[in-house]
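Chemist: The structure file protein-v1.pdb (PDB, C-alpha atoms and all ligand atoms) is provided below.
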```
ATOM      1  CA  MET A 671     -30.513 -80.640 -10.477
ATOM      2  CA  ASP A 672     -26.831 -80.932 -11.480
ATOM      3  CA  LYS A 673     -24.969 -83.741  -9.781
ATOM      4  CA  ILE A 674     -21.382 -84.378  -8.782
ATOM      5  CA  VAL A 675     -19.831 -87.523  -7.260
ATOM      6  CA  PHE A 676     -17.032 -87.668  -4.694
ATOM      7  CA  ALA A 677     -15.068 -90.792  -3.775
ATOM      8  CA  LEU A 678     -13.851 -91.088  -0.223
ATOM      9  CA  PRO A 679     -10.512 -92.983  -0.248
ATOM     10  CA  GLY A 680     -10.941 -96.576  -1.475
ATOM     11  CA  ASN A 681     -14.313 -95.903  -3.166
ATOM     12  CA  GLU A 682     -12.976 -94.710  -6.525
ATOM     13  CA  GLU A 683     -14.378 -97.594  -8.632
ATOM     14  CA  LEU A 684     -17.876 -97.156  -7.254
ATOM     15  CA  ALA A 685     -17.737 -93.356  -7.666
ATOM     16  CA  LYS A 686     -16.618 -93.721 -11.304
ATOM     17  CA  LYS A 687     -19.469 -96.136 -12.005
ATOM     18  CA  ILE A 688     -22.016 -93.748 -10.470
ATOM     19  CA  ALA A 689     -20.615 -90.727 -12.346
ATOM     20  CA  ALA A 690     -20.733 -92.652 -15.641
ATOM     21  CA  HIS A 691     -24.295 -93.766 -14.960
ATOM     22  CA  LEU A 692     -25.426 -90.212 -14.116
ATOM     23  CA  ASN A 693     -23.262 -88.690 -16.831
ATOM     24  CA  CYS A 694     -21.849 -86.196 -14.328
ATOM     25  CA  SER A 695     -18.400 -85.206 -13.150
ATOM     26  CA  LEU A 696     -16.248 -86.505 -10.325
ATOM     27  CA  GLY A 697     -15.457 -83.992  -7.621
ATOM     28  CA  SER A 698     -12.170 -83.621  -5.819
ATOM     29  CA  PHE A 699     -10.922 -82.613  -2.413
ATOM     30  CA  ALA A 700      -7.509 -82.456  -0.825
ATOM     31  CA  TYR A 701      -6.963 -84.595   2.213
ATOM     32  CA  HIS A 702      -4.075 -84.456   4.614
ATOM     33  CA  ARG A 703      -3.530 -86.289   7.840
ATOM     34  CA  PHE A 704      -1.611 -84.193  10.357
ATOM     35  CA  PRO A 705       1.151 -85.786  12.433
ATOM     36  CA  ASP A 706      -1.239 -85.894  15.382
ATOM     37  CA  GLU A 707      -3.632 -87.916  13.129
ATOM     38  CA  GLU A 708      -6.247 -85.183  12.856
ATOM     39  CA  SER A 709      -7.691 -84.571   9.378
ATOM     40  CA  TYR A 710      -7.341 -81.607   7.010
ATOM     41  CA  ILE A 711      -9.803 -81.381   4.096
ATOM     42  CA  ARG A 712     -10.132 -78.728   1.380
ATOM     43  CA  LEU A 713     -12.926 -78.834  -1.201
ATOM     44  CA  GLU A 714     -11.627 -78.345  -4.760
ATOM     45  CA  SER A 715     -14.853 -78.597  -6.832
ATOM     46  CA  ASP A 716     -17.855 -76.354  -7.224
ATOM     47  CA  VAL A 717     -20.868 -77.917  -5.526
ATOM     48  CA  SER A 718     -23.139 -74.879  -5.295
ATOM     49  CA  GLY A 719     -26.770 -75.746  -6.097
ATOM     50  CA  LYS A 720     -25.868 -79.376  -6.888
ATOM     51  CA  GLU A 721     -26.802 -82.778  -5.558
ATOM     52  CA  VAL A 722     -23.603 -84.219  -4.159
ATOM     53  CA  ILE A 723     -23.180 -87.978  -4.054
ATOM     54  CA  LEU A 724     -20.568 -89.272  -1.635
ATOM     55  CA  ALA A 725     -19.295 -92.828  -2.193
ATOM     56  CA  CYS A 726     -18.043 -94.134   1.139
ATOM     57  CA  THR A 727     -18.384 -97.691   2.314
ATOM     58  CA  LEU A 728     -18.379 -97.747   6.095
ATOM     59  CA  ASP A 729     -16.404-100.737   7.284
ATOM     60  CA  ARG A 730     -13.893 -99.697  10.001
ATOM     61  CA  PRO A 731     -16.274 -96.781  10.595
ATOM     62  CA  ASP A 732     -14.633 -95.157  13.579
ATOM     63  CA  THR A 733     -11.700 -93.931  11.510
ATOM     64  CA  LYS A 734     -13.762 -93.043   8.397
ATOM     65  CA  PHE A 735     -16.621 -91.284  10.063
ATOM     66  CA  LEU A 736     -15.037 -87.933  10.932
ATOM     67  CA  GLN A 737     -13.597 -87.557   7.444
ATOM     68  CA  LEU A 738     -17.055 -88.158   5.978
ATOM     69  CA  TYR A 739     -18.608 -85.730   8.450
ATOM     70  CA  PHE A 740     -16.103 -82.933   7.791
ATOM     71  CA  LEU A 741     -16.403 -83.340   4.017
ATOM     72  CA  SER A 742     -20.209 -83.247   4.224
ATOM     73  CA  GLU A 743     -20.149 -80.096   6.339
ATOM     74  CA  ILE A 744     -17.749 -78.350   3.922
ATOM     75  CA  ILE A 745     -19.946 -79.369   0.984
ATOM     76  CA  ARG A 746     -23.074 -78.098   2.731
ATOM     77  CA  ASP A 747     -21.300 -74.857   3.591
ATOM     78  CA  ALA A 748     -20.318 -74.459  -0.074
ATOM     79  CA  GLY A 749     -23.998 -74.394  -1.073
ATOM     80  CA  ALA A 750     -24.853 -77.967  -2.100
ATOM     81  CA  ASP A 751     -28.596 -78.582  -2.334
ATOM     82  CA  LYS A 752     -28.585 -82.219  -1.320
ATOM     83  CA  ILE A 753     -26.074 -84.784  -0.032
ATOM     84  CA  THR A 754     -26.666 -88.430  -0.862
ATOM     85  CA  LEU A 755     -24.419 -90.983   0.809
ATOM     86  CA  VAL A 756     -23.794 -94.241  -1.041
ATOM     87  CA  SER A 757     -22.403 -96.616   1.537
ATOM     88  CA  PRO A 758     -22.483-100.207   0.258
ATOM     89  CA  TYR A 759     -21.554-101.541   3.706
ATOM     90  CA  LEU A 760     -23.486 -99.902   6.487
ATOM     91  CA  SER A 761     -21.770-100.352   9.832
ATOM     92  CA  TYR A 762     -23.181-100.442  13.344
ATOM     93  CA  MET A 763     -26.162-102.542  12.331
ATOM     94  CA  ARG A 764     -25.297-105.485  14.578
ATOM     95  CA  GLN A 765     -25.556-103.744  17.967
ATOM     96  CA  ASP A 766     -29.332-103.566  17.792
ATOM     97  CA  LYS A 767     -30.265-104.580  21.338
ATOM     98  CA  LYS A 768     -29.217-103.954  24.930
ATOM     99  CA  PHE A 769     -28.060-107.361  26.115
ATOM    100  CA  ASN A 770     -26.779-106.069  29.461
ATOM    101  CA  PRO A 771     -27.499-103.011  31.580
ATOM    102  CA  GLY A 772     -25.328-100.046  30.648
ATOM    103  CA  GLU A 773     -25.001-101.014  26.979
ATOM    104  CA  CYS A 774     -25.915 -98.774  24.081
ATOM    105  CA  ILE A 775     -27.977 -99.554  20.958
ATOM    106  CA  THR A 776     -25.305 -98.130  18.690
ATOM    107  CA  SER A 777     -27.268 -98.860  15.494
ATOM    108  CA  GLU A 778     -29.808 -96.196  16.509
ATOM    109  CA  HIS A 779     -27.262 -93.608  17.597
ATOM    110  CA  PHE A 780     -25.200 -94.163  14.477
ATOM    111  CA  ALA A 781     -28.335 -93.772  12.329
ATOM    112  CA  ASN A 782     -29.199 -90.471  14.013
ATOM    113  CA  LEU A 783     -25.675 -89.129  13.717
ATOM    114  CA  LEU A 784     -25.369 -90.004  10.010
ATOM    115  CA  SER A 785     -28.826 -88.595   9.299
ATOM    116  CA  SER A 786     -27.834 -85.292  10.901
ATOM    117  CA  PHE A 787     -25.488 -84.438   8.022
ATOM    118  CA  VAL A 788     -26.590 -86.408   4.918
ATOM    119  CA  ASP A 789     -30.029 -86.199   3.281
ATOM    120  CA  GLU A 790     -30.385 -89.664   1.786
ATOM    121  CA  LEU A 791     -28.676 -93.023   2.231
ATOM    122  CA  ILE A 792     -28.186 -95.826  -0.283
ATOM    123  CA  THR A 793     -26.766 -99.126   0.910
ATOM    124  CA  VAL A 794     -26.586-102.851   0.143
ATOM    125  CA  ASP A 795     -28.293-105.560   2.202
ATOM    126  CA  PRO A 796     -27.985-103.958   5.635
ATOM    127  CA  HIS A 797     -27.823-106.390   8.537
ATOM    128  CA  LEU A 798     -31.457-106.466   9.644
ATOM    129  CA  HIS A 799     -31.717-108.857  12.547
ATOM    130  CA  ARG A 800     -33.948-107.514  15.286
ATOM    131  CA  ILE A 801     -34.596-104.322  13.270
ATOM    132  CA  ASN A 802     -37.122-104.963  10.483
ATOM    133  CA  SER A 803     -36.223-102.138   8.134
ATOM    134  CA  LEU A 804     -33.823 -99.229   7.849
ATOM    135  CA  GLU A 805     -36.757 -96.813   8.033
ATOM    136  CA  SER A 806     -37.379 -97.839  11.617
ATOM    137  CA  ILE A 807     -34.062 -96.317  12.732
ATOM    138  CA  TYR A 808     -33.054 -93.895   9.918
ATOM    139  CA  PRO A 809     -35.031 -90.625   9.874
ATOM    140  CA  ILE A 810     -33.764 -89.802   6.348
ATOM    141  CA  PRO A 811     -34.933 -91.539   3.126
ATOM    142  CA  THR A 812     -33.051 -94.772   2.445
ATOM    143  CA  LYS A 813     -32.764 -97.111  -0.533
ATOM    144  CA  VAL A 814     -31.462-100.675  -0.372
ATOM    145  CA  PHE A 815     -29.851-102.662  -3.164
ATOM    146  CA  HIS A 816     -30.314-106.416  -2.816
ATOM    147  CA  SER A 817     -27.477-108.675  -3.888
ATOM    148  CA  SER A 818     -29.463-111.941  -3.998
ATOM    149  CA  ALA A 819     -29.908-112.092  -7.808
ATOM    150  CA  HIS A 820     -26.174-111.493  -8.331
ATOM    151  CA  ILE A 821     -25.212-114.149  -5.799
ATOM    152  CA  SER A 822     -27.576-116.754  -7.220
ATOM    153  CA  LYS A 823     -26.317-115.996 -10.740
ATOM    154  CA  TRP A 824     -22.735-116.573  -9.556
ATOM    155  CA  ILE A 825     -23.749-119.860  -7.905
ATOM    156  CA  LYS A 826     -25.575-121.046 -11.040
ATOM    157  CA  GLU A 827     -22.549-120.288 -13.192
ATOM    158  CA  ASN A 828     -19.882-121.673 -10.862
ATOM    159  CA  VAL A 829     -21.160-124.464  -8.605
ATOM    160  CA  GLU A 830     -22.484-127.877  -9.587
ATOM    161  CA  HIS A 831     -25.306-129.297  -7.452
ATOM    162  CA  PRO A 832     -25.195-126.607  -4.773
ATOM    163  CA  VAL A 833     -26.951-126.788  -1.410
ATOM    164  CA  LEU A 834     -27.032-123.426   0.336
ATOM    165  CA  ILE A 835     -26.329-123.065   4.047
ATOM    166  CA  GLY A 836     -27.468-119.828   5.699
ATOM    167  CA  PRO A 837     -25.981-118.452   8.941
ATOM    168  CA  ASP A 838     -29.043-118.282  11.173
ATOM    169  CA  MET A 839     -32.847-118.320  11.330
ATOM    170  CA  GLU A 840     -33.010-114.559  10.639
ATOM    171  CA  SER A 841     -31.291-115.170   7.294
ATOM    172  CA  LYS A 842     -33.856-117.797   6.247
ATOM    173  CA  GLN A 843     -35.875-115.552   3.983
ATOM    174  CA  TRP A 844     -32.822-114.082   2.269
ATOM    175  CA  VAL A 845     -31.043-117.422   1.825
ATOM    176  CA  GLY A 846     -34.313-118.961   0.627
ATOM    177  CA  GLU A 847     -34.546-116.277  -2.049
ATOM    178  CA  VAL A 848     -30.970-116.843  -3.247
ATOM    179  CA  ALA A 849     -31.571-120.617  -3.253
ATOM    180  CA  LYS A 850     -34.813-120.267  -5.221
ATOM    181  CA  GLU A 851     -33.152-118.100  -7.858
ATOM    182  CA  ALA A 852     -30.216-120.536  -8.039
ATOM    183  CA  GLY A 853     -32.596-123.511  -8.263
ATOM    184  CA  ALA A 854     -30.961-125.114  -5.218
ATOM    185  CA  PRO A 855     -32.100-126.559  -1.886
ATOM    186  CA  TYR A 856     -31.112-124.796   1.324
ATOM    187  CA  THR A 857     -30.889-125.132   5.079
ATOM    188  CA  VAL A 858     -29.949-122.666   7.819
ATOM    189  CA  LEU A 859     -27.533-123.099  10.704
ATOM    190  CA  SER A 860     -28.598-123.371  14.238
ATOM    191  CA  LYS A 861     -25.996-121.061  15.794
ATOM    192  CA  ILE A 862     -25.046-119.894  19.272
ATOM    193  CA  ARG A 863     -22.507-117.088  19.696
ATOM    194  CA  THR A 864     -21.063-116.610  23.166
ATOM    195  CA  GLY A 865     -18.185-114.255  22.297
ATOM    196  CA  ASP A 866     -16.562-112.387  19.376
ATOM    197  CA  LYS A 867     -15.006-115.592  18.049
ATOM    198  CA  LYS A 868     -16.930-118.175  20.050
ATOM    199  CA  VAL A 869     -19.557-119.685  17.819
ATOM    200  CA  LYS A 870     -21.212-123.116  17.926
ATOM    201  CA  VAL A 871     -23.141-124.343  14.919
ATOM    202  CA  SER A 872     -25.109-127.343  13.789
ATOM    203  CA  ILE A 873     -26.558-127.898  10.327
ATOM    204  CA  PRO A 874     -30.111-129.277  10.270
ATOM    205  CA  GLN A 875     -30.806-131.967   7.648
ATOM    206  CA  ILE A 876     -27.208-131.956   6.430
ATOM    207  CA  HIS A 877     -27.174-135.765   6.008
ATOM    208  CA  LYS A 878     -29.763-135.430   3.255
ATOM    209  CA  TYR A 879     -27.300-133.438   1.169
ATOM    210  CA  ILE A 880     -23.792-134.460   2.187
ATOM    211  CA  SER A 881     -22.962-137.006  -0.505
ATOM    212  CA  LYS A 882     -24.754-135.502  -3.497
ATOM    213  CA  TYR A 883     -24.306-131.744  -3.167
ATOM    214  CA  THR A 884     -21.637-129.056  -2.939
ATOM    215  CA  PRO A 885     -22.215-127.017   0.243
ATOM    216  CA  VAL A 886     -22.306-123.259  -0.337
ATOM    217  CA  ILE A 887     -22.168-121.305   2.924
ATOM    218  CA  VAL A 888     -23.721-117.879   2.406
ATOM    219  CA  ASP A 889     -23.600-115.087   4.963
ATOM    220  CA  ASP A 890     -24.275-111.371   4.843
ATOM    221  CA  ILE A 891     -21.174-110.389   6.835
ATOM    222  CA  ILE A 892     -17.874-112.224   7.238
ATOM    223  CA  SER A 893     -16.190-110.515  10.172
ATOM    224  CA  THR A 894     -14.090-112.801  12.398
ATOM    225  CA  ALA A 895     -15.075-115.643   9.998
ATOM    226  CA  ALA A 896     -15.875-117.773  13.070
ATOM    227  CA  THR A 897     -19.328-118.606  11.668
ATOM    228  CA  MET A 898     -17.845-119.817   8.362
ATOM    229  CA  ILE A 899     -14.934-121.677   9.992
ATOM    230  CA  ARG A 900     -17.112-123.555  12.529
ATOM    231  CA  THR A 901     -19.506-124.493   9.711
ATOM    232  CA  ILE A 902     -16.621-125.796   7.586
ATOM    233  CA  GLU A 903     -15.323-127.845  10.535
ATOM    234  CA  HIS A 904     -18.792-129.265  11.089
ATOM    235  CA  LEU A 905     -19.081-130.184   7.398
ATOM    236  CA  GLN A 906     -15.648-131.851   7.546
ATOM    237  CA  GLU A 907     -16.748-133.952  10.541
ATOM    238  CA  GLU A 908     -19.746-135.093   8.507
ATOM    239  CA  GLY A 909     -17.486-136.130   5.605
ATOM    240  CA  SER A 910     -18.513-133.367   3.201
ATOM    241  CA  ILE A 911     -16.490-132.171   0.239
ATOM    242  CA  PRO A 912     -14.927-128.691   0.788
ATOM    243  CA  PRO A 913     -17.612-126.004   0.676
ATOM    244  CA  VAL A 914     -17.746-122.725  -1.205
ATOM    245  CA  CYS A 915     -17.986-119.659   1.080
ATOM    246  CA  ILE A 916     -19.908-116.610  -0.101
ATOM    247  CA  GLY A 917     -20.217-113.364   1.841
ATOM    248  CA  ILE A 918     -21.878-110.107   0.845
ATOM    249  CA  HIS A 919     -19.750-107.848   3.050
ATOM    250  CA  ALA A 920     -16.047-108.764   3.291
ATOM    251  CA  VAL A 921     -15.301-107.151   6.660
ATOM    252  CA  PHE A 922     -12.577-109.722   7.518
ATOM    253  CA  SER A 923     -11.248-108.404  10.819
ATOM    254  CA  GLY A 924      -7.599-109.064  11.750
ATOM    255  CA  MET A 925      -6.383-112.424  10.377
ATOM    256  CA  ALA A 926      -9.901-113.638   9.559
ATOM    257  CA  TYR A 927      -9.294-114.086   5.824
ATOM    258  CA  ASN A 928      -6.128-116.161   6.415
ATOM    259  CA  ASP A 929      -7.873-118.198   9.088
ATOM    260  CA  LEU A 930     -10.785-118.885   6.757
ATOM    261  CA  GLN A 931      -8.478-119.865   3.891
ATOM    262  CA  LYS A 932      -6.634-122.284   6.193
ATOM    263  CA  SER A 933      -9.863-123.931   7.331
ATOM    264  CA  GLY A 934     -10.213-125.569   3.910
ATOM    265  CA  PRO A 935     -13.013-124.135   1.740
ATOM    266  CA  SER A 936     -12.757-124.765  -2.000
ATOM    267  CA  LYS A 937     -13.364-121.058  -2.694
ATOM    268  CA  ILE A 938     -14.079-117.797  -0.850
ATOM    269  CA  ILE A 939     -16.025-115.225  -2.804
ATOM    270  CA  THR A 940     -17.541-111.885  -1.758
ATOM    271  CA  CYS A 941     -19.482-108.994  -3.257
ATOM    272  CA  ASN A 942     -17.522-105.767  -3.723
ATOM    273  CA  THR A 943     -19.297-103.706  -1.052
ATOM    274  CA  ILE A 944     -15.938-103.529   0.740
ATOM    275  CA  PRO A 945     -12.839-103.691  -1.489
ATOM    276  CA  HIS A 946     -11.072-107.013  -0.755
ATOM    277  CA  ILE A 947      -9.031-109.637  -2.592
ATOM    278  CA  SER A 948     -11.995-112.053  -2.342
ATOM    279  CA  ASN A 949     -14.361-109.743  -4.299
ATOM    280  CA  GLY A 950     -15.822-111.657  -7.235
ATOM    281  CA  ILE A 951     -19.421-110.463  -7.471
ATOM    282  CA  ASP A 952     -19.676-106.919  -8.803
ATOM    283  CA  LEU A 953     -22.634-104.895  -7.517
ATOM    284  CA  ASN A 954     -21.487-101.411  -8.569
ATOM    285  CA  SER A 955     -23.707-101.139 -11.670
ATOM    286  CA  GLY A 956     -26.744-102.243  -9.693
ATOM    287  CA  ILE A 957     -25.982 -99.702  -6.968
ATOM    288  CA  ALA A 958     -25.469 -96.926  -9.548
ATOM    289  CA  ASN A 959     -28.845 -97.777 -11.094
ATOM    290  CA  LEU A 960     -30.563 -96.777  -7.846
ATOM    291  CA  LEU A 961     -29.463 -93.183  -8.494
ATOM    292  CA  LYS A 962     -31.480 -91.082 -10.870
TER
HETATM  293  C1  LIG B1001     -24.865-112.566  12.137
HETATM  294  O1  LIG B1001     -26.007-112.391  12.501
HETATM  295  C2  LIG B1001     -24.406-112.396  10.734
HETATM  296  O2  LIG B1001     -25.359-112.824   9.823
HETATM  297  C3  LIG B1001     -23.096-113.095  10.484
HETATM  298  O3  LIG B1001     -23.305-114.488  10.602
HETATM  299  C4  LIG B1001     -22.029-112.683  11.420
HETATM  300  O4  LIG B1001     -21.932-111.307  11.440
HETATM  301  C5  LIG B1001     -20.694-113.289  11.005
HETATM  302  O5  LIG B1001     -19.711-112.872  11.884
HETATM  303  P1  LIG B1001     -18.373-113.690  12.071
HETATM  304  O6  LIG B1001     -17.683-113.721  10.737
HETATM  305  O7  LIG B1001     -17.606-112.889  13.087
HETATM  306  O8  LIG B1001     -18.727-115.051  12.568
END
```
For this file, produce the structure as structure tokens.

Modeler:
Amino acid sequence: MDKIVFALPGNEELAKKIAAHLNCSLGSFAYHRFPDEESYIRLESDVSGKEVILACTLDRPDTKFLQLYFLSEIIRDAGADKITLVSPYLSYMRQDKKFNPGECITSEHFANLLSSFVDELITVDPHLHRINSLESIYPIPTKVFHSSAHISKWIKENVEHPVLIGPDMESKQWVGEVAKEAGAPYTVLSKIRTGDKKVKVSIPQIHKYISKYTPVIVDDIISTAATMIRTIEHLQEEGSIPPVCIGIHAVFSGMAYNDLQKSGPSKIITCNTIPHISNGIDLNSGIANLLK
């Protein structure tokens, strides 16, 4: 089946990489935002009988979602055979439980909504905490690219005597894998979050490592950066050298990046699942390779 790739705004690099990998063309559409902030979209490429690949990372999803939905519907209406969404950051994966009466498990509703207008989803290391796999909430086929080999390669090439620090018990397996590939020891935080920015952490066994190793804090998502900042403060109290901070998904809400910089890490580095100044680990080729 012929293929064509569309970049939603901000996803141009990824779309180009996918189009080059598939040896297919890039599609285009006109987008206009009306003064009342509603969207206007007009399809400019022929998609009839083709598989359409949409590159659209989904941080800040509430503003991106309608645009993605409208474009998908127009593409479907124009006769596309299949729509594959490549969304390196998949949002709404953290609200995976009702903590209080009246709350909503948004991860499930978001999964159903997205699956109602795209046929397949490709993403990078989704936040799987209480949900074991994407298949358990996504009714459409999904493929996941894992960043661990790229992160461990970066650590091997850039950090001397690293000890990895993971964000929580749920991350143990993932952090353990990165540590194994990097040939480094690891530990995971014991963490309690009581509010958006209220996080308390302690680092088991940190005394074993403090004088001989460079701490590398690795997390899947950096959002408010509270997890990273509290961990850095804790390391400082223990007399550690400044740590390296690595995140897969550079969400960085509000002033989070500035706040994290000010807290004193030696380096902040992220994968390019969300375009950000801290991106230093390129996953686009790996993501493109998942498409055939
Ligand atoms: C939580 O389970 C995740 O692995 C991250 O630790 C969390 O999302 C980080 O958020 P923040 O940057 O707001 O502390």

Chemist: Counting only C-alpha atoms and all ligand atoms, give me one row per residue of chain A with an atom at most 8 Å from an atom of ligand LIG 1001 (chain B), showing the shortest contact pair and its distance in Å to one decimal, sorted by chain then residue number, as JSON lines.

Modeler:
```
{"residue": "A:Arg764", "atom": "CA", "partner": "B:LIG1001", "partner_atom": "O1", "distance": 7.2}
{"residue": "A:His797", "atom": "CA", "partner": "B:LIG1001", "partner_atom": "O2", "distance": 7.0}
{"residue": "A:His799", "atom": "CA", "partner": "B:LIG1001", "partner_atom": "O1", "distance": 6.7}
{"residue": "A:Pro837", "atom": "CA", "partner": "B:LIG1001", "partner_atom": "O3", "distance": 5.1}
{"residue": "A:Asp838", "atom": "CA", "partner": "B:LIG1001", "partner_atom": "O2", "distance": 6.7}
{"residue": "A:Glu840", "atom": "CA", "partner": "B:LIG1001", "partner_atom": "O1", "distance": 7.6}
{"residue": "A:Ser841", "atom": "CA", "partner": "B:LIG1001", "partner_atom": "O2", "distance": 6.9}
{"residue": "A:Asp866", "atom": "CA", "partner": "B:LIG1001", "partner_atom": "O7", "distance": 6.4}
{"residue": "A:Lys867", "atom": "CA", "partner": "B:LIG1001", "partner_atom": "O7", "distance": 6.2}
{"residue": "A:Val869", "atom": "CA", "partner": "B:LIG1001", "partner_atom": "O8", "distance": 7.1}
{"residue": "A:Asp889", "atom": "CA", "partner": "B:LIG1001", "partner_atom": "O2", "distance": 5.6}
{"residue": "A:Asp890", "atom": "CA", "partner": "B:LIG1001", "partner_atom": "O2", "distance": 5.3}
{"residue": "A:Ile891", "atom": "CA", "partner": "B:LIG1001", "partner_atom": "O4", "distance": 4.8}
{"residue": "A:Ile892", "atom": "CA", "partner": "B:LIG1001", "partner_atom": "O6", "distance": 3.8}
{"residue": "A:Ser893", "atom": "CA", "partner": "B:LIG1001", "partner_atom": "O6", "distance": 3.6}
{"residue": "A:Thr894", "atom": "CA", "partner": "B:LIG1001", "partner_atom": "O7", "distance": 3.6}
{"residue": "A:Ala895", "atom": "CA", "partner": "B:LIG1001", "partner_atom": "O6", "distance": 3.3}
{"residue": "A:Ala896", "atom": "CA", "partner": "B:LIG1001", "partner_atom": "O8", "distance": 4.0}
{"residue": "A:Thr897", "atom": "CA", "partner": "B:LIG1001", "partner_atom": "O8", "distance": 3.7}
{"residue": "A:Met898", "atom": "CA", "partner": "B:LIG1001", "partner_atom": "O8", "distance": 6.4}
{"residue": "A:Phe922", "atom": "CA", "partner": "B:LIG1001", "partner_atom": "O6", "distance": 7.2}
{"residue": "A:Ala926", "atom": "CA", "partner": "B:LIG1001", "partner_atom": "O6", "distance": 7.9}
```

Chemist: Using all atoms listed in the file, find the one residue out of A:Asn782, A:Ser695, A:Asn949, A:Ser709 that sits nearest to Thr733 (chain A).

Modeler: A:Ser709

Chemist: Any chance you could resolve the PyMOL selection byres (((chain A and resi 750-755) around 7) and not hetatm) against this file and give the residues as number ranges by chain?

Modeler: A: 717-725, 745-746, 748-749, 756-757, 788-792

Chemist: Kindly export the residues of the current selection with C-alpha atoms, as a short mmCIF file (atom, residue, chain, number, x, y, z; two decimals), keeping the file's coordinate frame.

Modeler:
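Dumped everything to result-v3.cif:
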```cif
data_model
loop_
_atom_site.label_atom_id
_atom_site.label_comp_id
_atom_site.auth_asym_id
_atom_site.auth_seq_id
_atom_site.Cartn_x
_atom_site.Cartn_y
_atom_site.Cartn_z
CA VAL A 717 -20.87 -77.92 -5.53
CA SER A 718 -23.14 -74.88 -5.30
CA GLY A 719 -26.77 -75.75 -6.10
CA LYS A 720 -25.87 -79.38 -6.89
CA GLU A 721 -26.80 -82.78 -5.56
CA VAL A 722 -23.60 -84.22 -4.16
CA ILE A 723 -23.18 -87.98 -4.05
CA LEU A 724 -20.57 -89.27 -1.64
CA ALA A 725 -19.30 -92.83 -2.19
CA ILE A 745 -19.95 -79.37 0.98
CA ARG A 746 -23.07 -78.10 2.73
CA ALA A 748 -20.32 -74.46 -0.07
CA GLY A 749 -24.00 -74.39 -1.07
CA VAL A 756 -23.79 -94.24 -1.04
CA SER A 757 -22.40 -96.62 1.54
CA VAL A 788 -26.59 -86.41 4.92
CA ASP A 789 -30.03 -86.20 3.28
CA GLU A 790 -30.38 -89.66 1.79
CA LEU A 791 -28.68 -93.02 2.23
CA ILE A 792 -28.19 -95.83 -0.28
#
```

Chemist: Contacts of Pro731 (chain A) at 12 Å or less, counting only C-alpha atoms, minus same-chain residues fewer than 5 places along, as a list in words?

Modeler: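 After dropping sequence-adjacent residues, the list is Cys726, Leu736, Gln737, Leu738, Tyr739, Ser757, Tyr759, Leu760, Ser761, Tyr762, Met763, Phe780, Leu784, Val921 and Ile944 of chain A.
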
Chemist: Go ahead and write the selection's residues with C-alpha atoms as a PDB file, in the coordinates of the input.

Modeler:
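Dumped to part-v4.pdb:
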```
ATOM      1  CA  CYS A 726     -18.043 -94.134   1.139  1.00  0.00           C
ATOM      2  CA  LEU A 736     -15.037 -87.933  10.932  1.00  0.00           C
ATOM      3  CA  GLN A 737     -13.597 -87.557   7.444  1.00  0.00           C
ATOM      4  CA  LEU A 738     -17.055 -88.158   5.978  1.00  0.00           C
ATOM      5  CA  TYR A 739     -18.608 -85.730   8.450  1.00  0.00           C
ATOM      6  CA  SER A 757     -22.403 -96.616   1.537  1.00  0.00           C
ATOM      7  CA  TYR A 759     -21.554-101.541   3.706  1.00  0.00           C
ATOM      8  CA  LEU A 760     -23.486 -99.902   6.487  1.00  0.00           C
ATOM      9  CA  SER A 761     -21.770-100.352   9.832  1.00  0.00           C
ATOM     10  CA  TYR A 762     -23.181-100.442  13.344  1.00  0.00           C
ATOM     11  CA  MET A 763     -26.162-102.542  12.331  1.00  0.00           C
ATOM     12  CA  PHE A 780     -25.200 -94.163  14.477  1.00  0.00           C
ATOM     13  CA  LEU A 784     -25.369 -90.004  10.010  1.00  0.00           C
ATOM     14  CA  VAL A 921     -15.301-107.151   6.660  1.00  0.00           C
ATOM     15  CA  ILE A 944     -15.938-103.529   0.740  1.00  0.00           C
TER      16      ILE A 944
END
```

Chemist: Identify all residues satisfying the PyMOL selection byres (((chain A and resi 940) around 7) and not hetatm) in the given file; provide them as number ranges by chain.

Modeler: A: 916-920, 938-939, 941-942, 948-951

Chemist: Write to file, as an mmCIF file, in the frame of the given file, the residues of the selection just made, with C-alpha atoms.

Modeler:
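Heads up, here's the output in out_23.cif:
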```cif
data_model
loop_
_atom_site.group_PDB
_atom_site.id
_atom_site.type_symbol
_atom_site.label_atom_id
_atom_site.label_comp_id
_atom_site.auth_asym_id
_atom_site.auth_seq_id
_atom_site.Cartn_x
_atom_site.Cartn_y
_atom_site.Cartn_z
ATOM 1 C CA ILE A 916 -19.908 -116.610 -0.101
ATOM 2 C CA GLY A 917 -20.217 -113.364 1.841
ATOM 3 C CA ILE A 918 -21.878 -110.107 0.845
ATOM 4 C CA HIS A 919 -19.750 -107.848 3.050
ATOM 5 C CA ALA A 920 -16.047 -108.764 3.291
ATOM 6 C CA ILE A 938 -14.079 -117.797 -0.850
ATOM 7 C CA ILE A 939 -16.025 -115.225 -2.804
ATOM 8 C CA CYS A 941 -19.482 -108.994 -3.257
ATOM 9 C CA ASN A 942 -17.522 -105.767 -3.723
ATOM 10 C CA SER A 948 -11.995 -112.053 -2.342
ATOM 11 C CA ASN A 949 -14.361 -109.743 -4.299
ATOM 12 C CA GLY A 950 -15.822 -111.657 -7.235
ATOM 13 C CA ILE A 951 -19.421 -110.463 -7.471
#
```

Chemist: Which centre and edge lengths in Å to one decimal define the box along x, y and z that fits every listed atom of region 811-824 of chain A plus 8 Å per side, as AutoDock Vina command-line options?

Modeler:
```
--center_x -28.8 --center_y -104.1 --center_z -3.8 --size_x 28.2 --size_y 41.2 --size_z 29.9
```

Chemist: Once the PyMOL selection byres (((chain A and resi 829) around 10) and not hetatm) is applied to the coordinates I shared, what remains selected? I want it as a ChimeraX atom specification.

Modeler: /A:824-828,830-833,852,883-886,914
